[in-house]
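To start, the structure itself, in structure tokens.
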Amino acid sequence: MSSSSWFFALRLCSPLLLVGLLCSQLGLRVGVQALQTATCSRWVTPSGEGLFQEGDVVIGGLFSLYLKPPAVDNDFTQQPHYKPCTGLGNLPLQYIYAMVFAVEEINHSATLLPGVKLGYHIRDSCALPPWAMQAALSLVGGDSGSCNSTARPEYSAAEGVRERRGEQTVSLIIGGSSSITAQILSRMLGPLAVSYTASCPCLSNRIKFPNFFRTMPSDIYQARAFAQLSIRFHWTWIGAVVANNDYGLVAIKVFQEQTQGAGVCLAFVETLQRENIVSDARRAALTIQASTAKVILIFTWYTDVRELFLQLAKINVTDRQFLASEAWSTSGDLLQDPVTSKVASGVLGVAIRSSAIPGFEHFLRSLNPSARPDDEFLRGFWEKIFGCSPGATRLSNNTSSRPPQKDMLLQKESLPLCSGTESLQGVQNHFTDITQLRVTYNVYLAVYAAAHALHSLLSCPDRESSPGNHSSRCSTPKYIKPIELLQHLNTLNFTTPQGEMFYFQEGDTPAKYDLINWQNTPEGSLRLVLIGRVDGFDLHLNESAIQWSTGSNQVPTSVCSESCPPGTRKATRKGEAVCCFDCIQCAEGEVSNQTDSLHCERCPYEFWSNAEQTACIPRQLDFLSFNETLGITLTTAAVSGAAVTTAVFLVFLYYRQTPMVRANNSELSFLLLLSLKLCFLCSLVFIGRPSVWSCRFQQAAFGISFVLCVSCLQVKTIVVLAAFRSARPGAGALMKWFGPGQQRGSVCLFSFIQVFICIVWLLLSPPVPQVDLEIPGLKVTLECAMASVVGFALVLGYIGLLACTSLLLAFLARKLPDNFNEAKLITFSMLIFCAVWISFIPAYVSSPGKYAVAVEIFAILASSYGLLFCIFAPKCFIILLRPEKNTKKHLMAR
């Protein structure tokens, strides 16, 4: 409709200020001169049909009775050519008679508005906001054709009450039926509006809409209910299909705000536009099919949902769990549609709360046009249900009294005549169905709220005591100011006939919803089952009564990624929603004991993670024991070495008088064998649980045993060199310095130095048993920690010094002319000894825990075996297997 059409449509018999306000609210600009010169005439209603009852106080009613608008919009610049709306809705008609029933119930009450008759003026808005505005203005300003507000028109006898009834204006309107209409009414009109279905959260703004009230909760509460359901059932990946208006967009915004931080993500948000519903529904259906989200939230009108379900059925998408907003959760048309049964079984929805109205069913079924001859709405319903025209003769006799638009009723196709007394007792449709009174009950509450506010306003304590002086302090039915009625609505608090406490909170009613479930019946159809309630922010749900889309009681799963079990952590995927993630196993020594943990916690030093990385358990002490394979192997090697050494000792002892044993000082050979045996046995001290004394003894035994062994070799080498040097002329006195006493003294001196180092080391900073917590693993090593590395380095350094000296001396004596030169054997043995201990250092440093101990034991055994076999194996070979070579002559031969 053009702007000029809007302007001329708003030509009212009212002050220019009101017209200017209306035009400014509609975004229109108009010249003042045009307003002054415009002919003053009433803006008549788009349809002459209405339902009227006069009373001391009249309240207005605005309903969307006809759902199909006219084919061509009215041209408001000229005299309107009325093309009435069609498609009479049974449910909206029930809403109308709920208002009528409530008014009649109030008029029969002895306690509510006593002595005051309540009337009503009810109009149809045709579900169009402009027509709703037009009808509302007619209720506020009256329907008289003249705009002279000071003169009362004369009425002919033919016009009667039907024309006079339009003159009484209203101070409160029950309506409108949509949030858009409610916003228009609240902004444009001074009288109050109590809506029964407007749910936009924007209407809760008392600054913008101070004169608006509603018995329908704000959409915020149902959006919060869906958020609570999503969190409760662990649906973290949800798709959304919403209407492309405030109803859908605001609801999905509230849903996102309520689920923020709770791990719930929207996989997609598809919008539906009424003008492009087929293409939008097809696009949304393909998105649902492609998405991994199994739960779909739908916030839109039921006609849009019907088209969406049709598109889903075409592509065979039947495994989604739908969440239904109140706009379609109780739609009978959807429940009875076979396509819905195929696609949308198990729907979980929020519905306007339902309540019974005692006596309402009897009232509805007792209605008939014969008892209500002026009821045009009931006449149209009768023609629709019974296919006949009640009271057609009466209409034909009163055509002169009919407004122009009602001539259309006589021009339509003739219907059979009927008396209008037919009964509705056997009629079953939405109009007579009172099993679930939802919006109907909201209308009923709105009328009672208006009545109680009027009762409070008109109740004046001193009205009867001073009847002529109450006008300044008390309101009367003929003079009700909307501002006064507003105050009483704001403080309203009463108990409904059903025993429910009712009041307004800043114009809103306390949020109460039903939670319903679409369940299959044995006949294959769907039925509504009440499974819980929403009371404000509290959700009461009977989970065991729910039948899900899977056809069972098993809650469907809708996640982008499966939950990370304990022992893992969530790692978000780059560029994707936070609900899409990978599960990463916690590292060793770290645990997570919760599902979907964001981080893994490191265990304390005394603890380590179990195999599943779900708990920290005390670390197990680990050391080189005699029971494990490595300990058994090393023990066997040490005992075997000691046994072999003992056997060699016995052989030498038995053959001590032979030249082979006596050569190079047999006493040093026996001392060497004894020291080698100690070297083998000292390795056993390293095996087993470390203690204070074992830690001190093992390093001292190791250091002293090897110094004794190497000292014997060094003295033997020196003796060999001295013996051959003394054979030269002038060097005879050399052997005096290397006699048996000097040899024993030298060995004792070299050994005493190591003993002194060990004593100082053990006294100042001895090794102590200590748990090495730095090494990762469940098993923590109990080892002898070197409190002083310097002491250990001195012990090894001194052994190394003696070994290098012995190697050098033996290397110098290797080419002496004896047939059996022991210096060669010492050279080979010391080469092995040095090689072992040189490789020992890096191996020892890099080995963790008990393996460092094993490396040291291996070095002890390897060097001991090297010395034993290199020095004594050739001698034992000659003594035992080649006795003919065990002679002085052979040994001295060159």
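Each chain in the structure tokens gets a letter, A, B, ..., in the order shown, and its residues are numbered from 1; ligands are numbered from 1 in order too.
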
For this session: Please report, as a PyMOL selection string, each residue of range 593-738 of chain A to which DSSP assigns strand (DSSP E) when run on this structure's backbone.
Result: chain A and resi 601-602+607-609+616-618+620-622

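Using only C-alpha atoms, the residues found no farther than 10 Å from Val339 in chain A, other than those of its own chain fewer than 3 positions away, are Arg306, Phe309, Leu310, Gln311, Leu312, Ala313, Lys314, Leu334, Leu335, Gln336, Lys342, Val343 and Ala344 of chain A.
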
Can you write just those residues out, N, CA and C atoms, as a PDB file, in the first residue's frame?
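Printed below is again.pdb as written:
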```pdb
ATOM      1  N   ARG A 306       4.738 -26.798   8.193  1.00  0.00           N
ATOM      2  CA  ARG A 306       4.103 -27.779   7.309  1.00  0.00           C
ATOM      3  C   ARG A 306       4.869 -27.883   5.992  1.00  0.00           C
ATOM      4  N   PHE A 309       8.245 -29.667   6.635  1.00  0.00           N
ATOM      5  CA  PHE A 309       8.087 -31.110   6.773  1.00  0.00           C
ATOM      6  C   PHE A 309       7.825 -31.766   5.415  1.00  0.00           C
ATOM      7  N   LEU A 310       7.114 -31.077   4.563  1.00  0.00           N
ATOM      8  CA  LEU A 310       6.859 -31.610   3.224  1.00  0.00           C
ATOM      9  C   LEU A 310       8.169 -31.757   2.456  1.00  0.00           C
ATOM     10  N   GLN A 311       9.028 -30.769   2.543  1.00  0.00           N
ATOM     11  CA  GLN A 311      10.318 -30.836   1.858  1.00  0.00           C
ATOM     12  C   GLN A 311      11.218 -31.911   2.473  1.00  0.00           C
ATOM     13  N   LEU A 312      11.173 -32.083   3.788  1.00  0.00           N
ATOM     14  CA  LEU A 312      11.964 -33.130   4.425  1.00  0.00           C
ATOM     15  C   LEU A 312      11.478 -34.511   4.024  1.00  0.00           C
ATOM     16  N   ALA A 313      10.166 -34.664   3.870  1.00  0.00           N
ATOM     17  CA  ALA A 313       9.614 -35.954   3.456  1.00  0.00           C
ATOM     18  C   ALA A 313      10.043 -36.298   2.033  1.00  0.00           C
ATOM     19  N   LYS A 314      10.187 -35.291   1.193  1.00  0.00           N
ATOM     20  CA  LYS A 314      10.589 -35.537  -0.196  1.00  0.00           C
ATOM     21  C   LYS A 314      12.008 -36.093  -0.281  1.00  0.00           C
ATOM     22  N   LEU A 334      -1.066 -30.013  11.814  1.00  0.00           N
ATOM     23  CA  LEU A 334       0.171 -30.778  11.662  1.00  0.00           C
ATOM     24  C   LEU A 334       0.029 -32.182  12.241  1.00  0.00           C
ATOM     25  N   LEU A 335      -0.642 -32.297  13.371  1.00  0.00           N
ATOM     26  CA  LEU A 335      -0.796 -33.604  13.995  1.00  0.00           C
ATOM     27  C   LEU A 335      -1.587 -34.569  13.123  1.00  0.00           C
ATOM     28  N   GLN A 336      -2.529 -34.047  12.361  1.00  0.00           N
ATOM     29  CA  GLN A 336      -3.376 -34.900  11.531  1.00  0.00           C
ATOM     30  C   GLN A 336      -2.803 -35.128  10.137  1.00  0.00           C
ATOM     31  N   LYS A 342       5.316 -39.079   9.448  1.00  0.00           N
ATOM     32  CA  LYS A 342       6.494 -39.707   8.866  1.00  0.00           C
ATOM     33  C   LYS A 342       7.781 -38.989   9.273  1.00  0.00           C
ATOM     34  N   VAL A 343       7.710 -37.661   9.390  1.00  0.00           N
ATOM     35  CA  VAL A 343       8.914 -36.860   9.580  1.00  0.00           C
ATOM     36  C   VAL A 343       9.141 -36.475  11.042  1.00  0.00           C
ATOM     37  N   ALA A 344       8.071 -36.167  11.749  1.00  0.00           N
ATOM     38  CA  ALA A 344       8.216 -35.449  13.019  1.00  0.00           C
ATOM     39  C   ALA A 344       7.708 -36.217  14.221  1.00  0.00           C
TER      40      ALA A 344
END
```

For this session: Quick one: everything within 8 Å of range 178-190 of chain A, counting only C-alpha atoms, minus sequence neighbours fewer than 2 positions away in the same chain. Send it as a PyMOL selection string.
Result: chain A and resi 21-22+25+129+132-133+136-137+175-176+192-193+195+197-200+203+208-212+482

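Residues in contact range of Ser341 in chain A, defined as at most 10 Å between only C-alpha atoms, with sequence neighbours fewer than 4 positions away removed, read Phe309, Thr318, Leu334, Leu335, Gln336, Asp337, Ser345, Gly346, Trp518, Gln519, Asn520, Gly524, Ser525 and Leu526 of chain A.
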
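Taking CA of Met660 in chain A as the reference point, CA of Ala642 in chain A is found at 22.3 Å.
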
Per-residue nearest contacts of range 449-530 of chain A to range 58-66 of chain A (12 Å; only C-alpha atoms) as a Markdown table:
```
| residue | atom | partner | partner_atom | distance |
| --- | --- | --- | --- | --- |
| A:Ala449 | CA | A:Ile59 | CA | 11.6 |
| A:Ala450 | CA | A:Ile59 | CA | 8.2 |
| A:Ala451 | CA | A:Ile59 | CA | 9.2 |
| A:Ala453 | CA | A:Ile59 | CA | 11.9 |
| A:Leu454 | CA | A:Ile59 | CA | 10.3 |
| A:Pro477 | CA | A:Val58 | CA | 9.0 |
| A:Lys478 | CA | A:Val58 | CA | 9.7 |
| A:Tyr479 | CA | A:Val58 | CA | 11.6 |
| A:Ile480 | CA | A:Val58 | CA | 10.5 |
| A:Pro482 | CA | A:Ile59 | CA | 11.8 |
```

Mind dumping the selected residues with C-alpha atoms as a short mmCIF file (atom, residue, chain, number, x, y, z; two decimals), in the first residue's frame?
```
data_model
loop_
_atom_site.label_atom_id
_atom_site.label_comp_id
_atom_site.auth_asym_id
_atom_site.auth_seq_id
_atom_site.Cartn_x
_atom_site.Cartn_y
_atom_site.Cartn_z
CA ALA A 449 -7.96 -9.11 34.42
CA ALA A 450 -9.85 -6.23 32.82
CA ALA A 451 -12.88 -6.87 35.04
CA ALA A 453 -9.03 -3.74 37.26
CA LEU A 454 -12.39 -2.07 36.58
CA PRO A 477 -18.63 3.76 34.48
CA LYS A 478 -19.32 6.63 32.08
CA TYR A 479 -16.08 8.44 32.81
CA ILE A 480 -13.19 5.99 32.89
CA PRO A 482 -7.21 4.96 30.72
#
```

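Residue nearest Thr330 in chain A, chosen from A:Ile516, A:Ala225, A:Met216, A:Leu367 and counting only C-alpha atoms: A:Ile516.
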
With range 490-504 of chain A as the partner and 12 Å as the cut-off, tabulate the residues of range 90-143 of chain A that qualify, each row holding the nearest pair of atoms and their distance in Å to one decimal, using only C-alpha atoms, sorted by chain and rising number, as JSON lines.
```
{"residue": "A:Ala102", "atom": "CA", "partner": "A:Pro497", "partner_atom": "CA", "distance": 10.5}
{"residue": "A:Glu105", "atom": "CA", "partner": "A:Pro497", "partner_atom": "CA", "distance": 10.2}
{"residue": "A:Ile106", "atom": "CA", "partner": "A:Pro497", "partner_atom": "CA", "distance": 10.5}
{"residue": "A:Ser109", "atom": "CA", "partner": "A:Pro497", "partner_atom": "CA", "distance": 10.9}
{"residue": "A:Leu112", "atom": "CA", "partner": "A:Phe494", "partner_atom": "CA", "distance": 11.0}
```

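CA of Ser138 in chain A lies 18.9 Å from CA of Met99 in chain A.
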
For this session: Check range 182-311 of chain A with DSSP on the backbone and list each residue it calls helix (DSSP H, G or I), as a ChimeraX atom specification.
Result: /A:182-188,201-204,219-232,246-259,274-290,302-311

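Nearest to Val278 in chain A of all the residues A:Gly551, A:Gln657, A:Val591, A:Val305 is A:Val305, based on only C-alpha atoms.
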
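Residue nearest Leu825 in chain A, chosen from A:Cys560, A:Leu868, A:Ile759, A:Leu650 and counting only C-alpha atoms: A:Leu868.
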
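The smallest atom-to-atom distance between Asp374 in chain A and any of A:Phe52, A:Trp235, A:Phe649, A:Phe706, using only C-alpha atoms, is found for A:Phe52.
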
Problem set entry | Using only C-alpha atoms: which of A:Ala110, A:Ile220, A:Cys85, A:Leu676 has the shortest distance to Gly380 in chain A | A:Cys85

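Proximity of A:Ala700, A:Arg602, A:Val578, A:Thr646 to Leu794 in chain A, computed with only C-alpha atoms, is greatest for A:Ala700.
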
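For Cys834 in chain A, the non-local neighbours within 8 Å, defined as residues at least 4 positions apart in the same chain or in other chains and counting only C-alpha atoms, are Gly800, Ala803, Cys804, Met830 and Ile838 of chain A.
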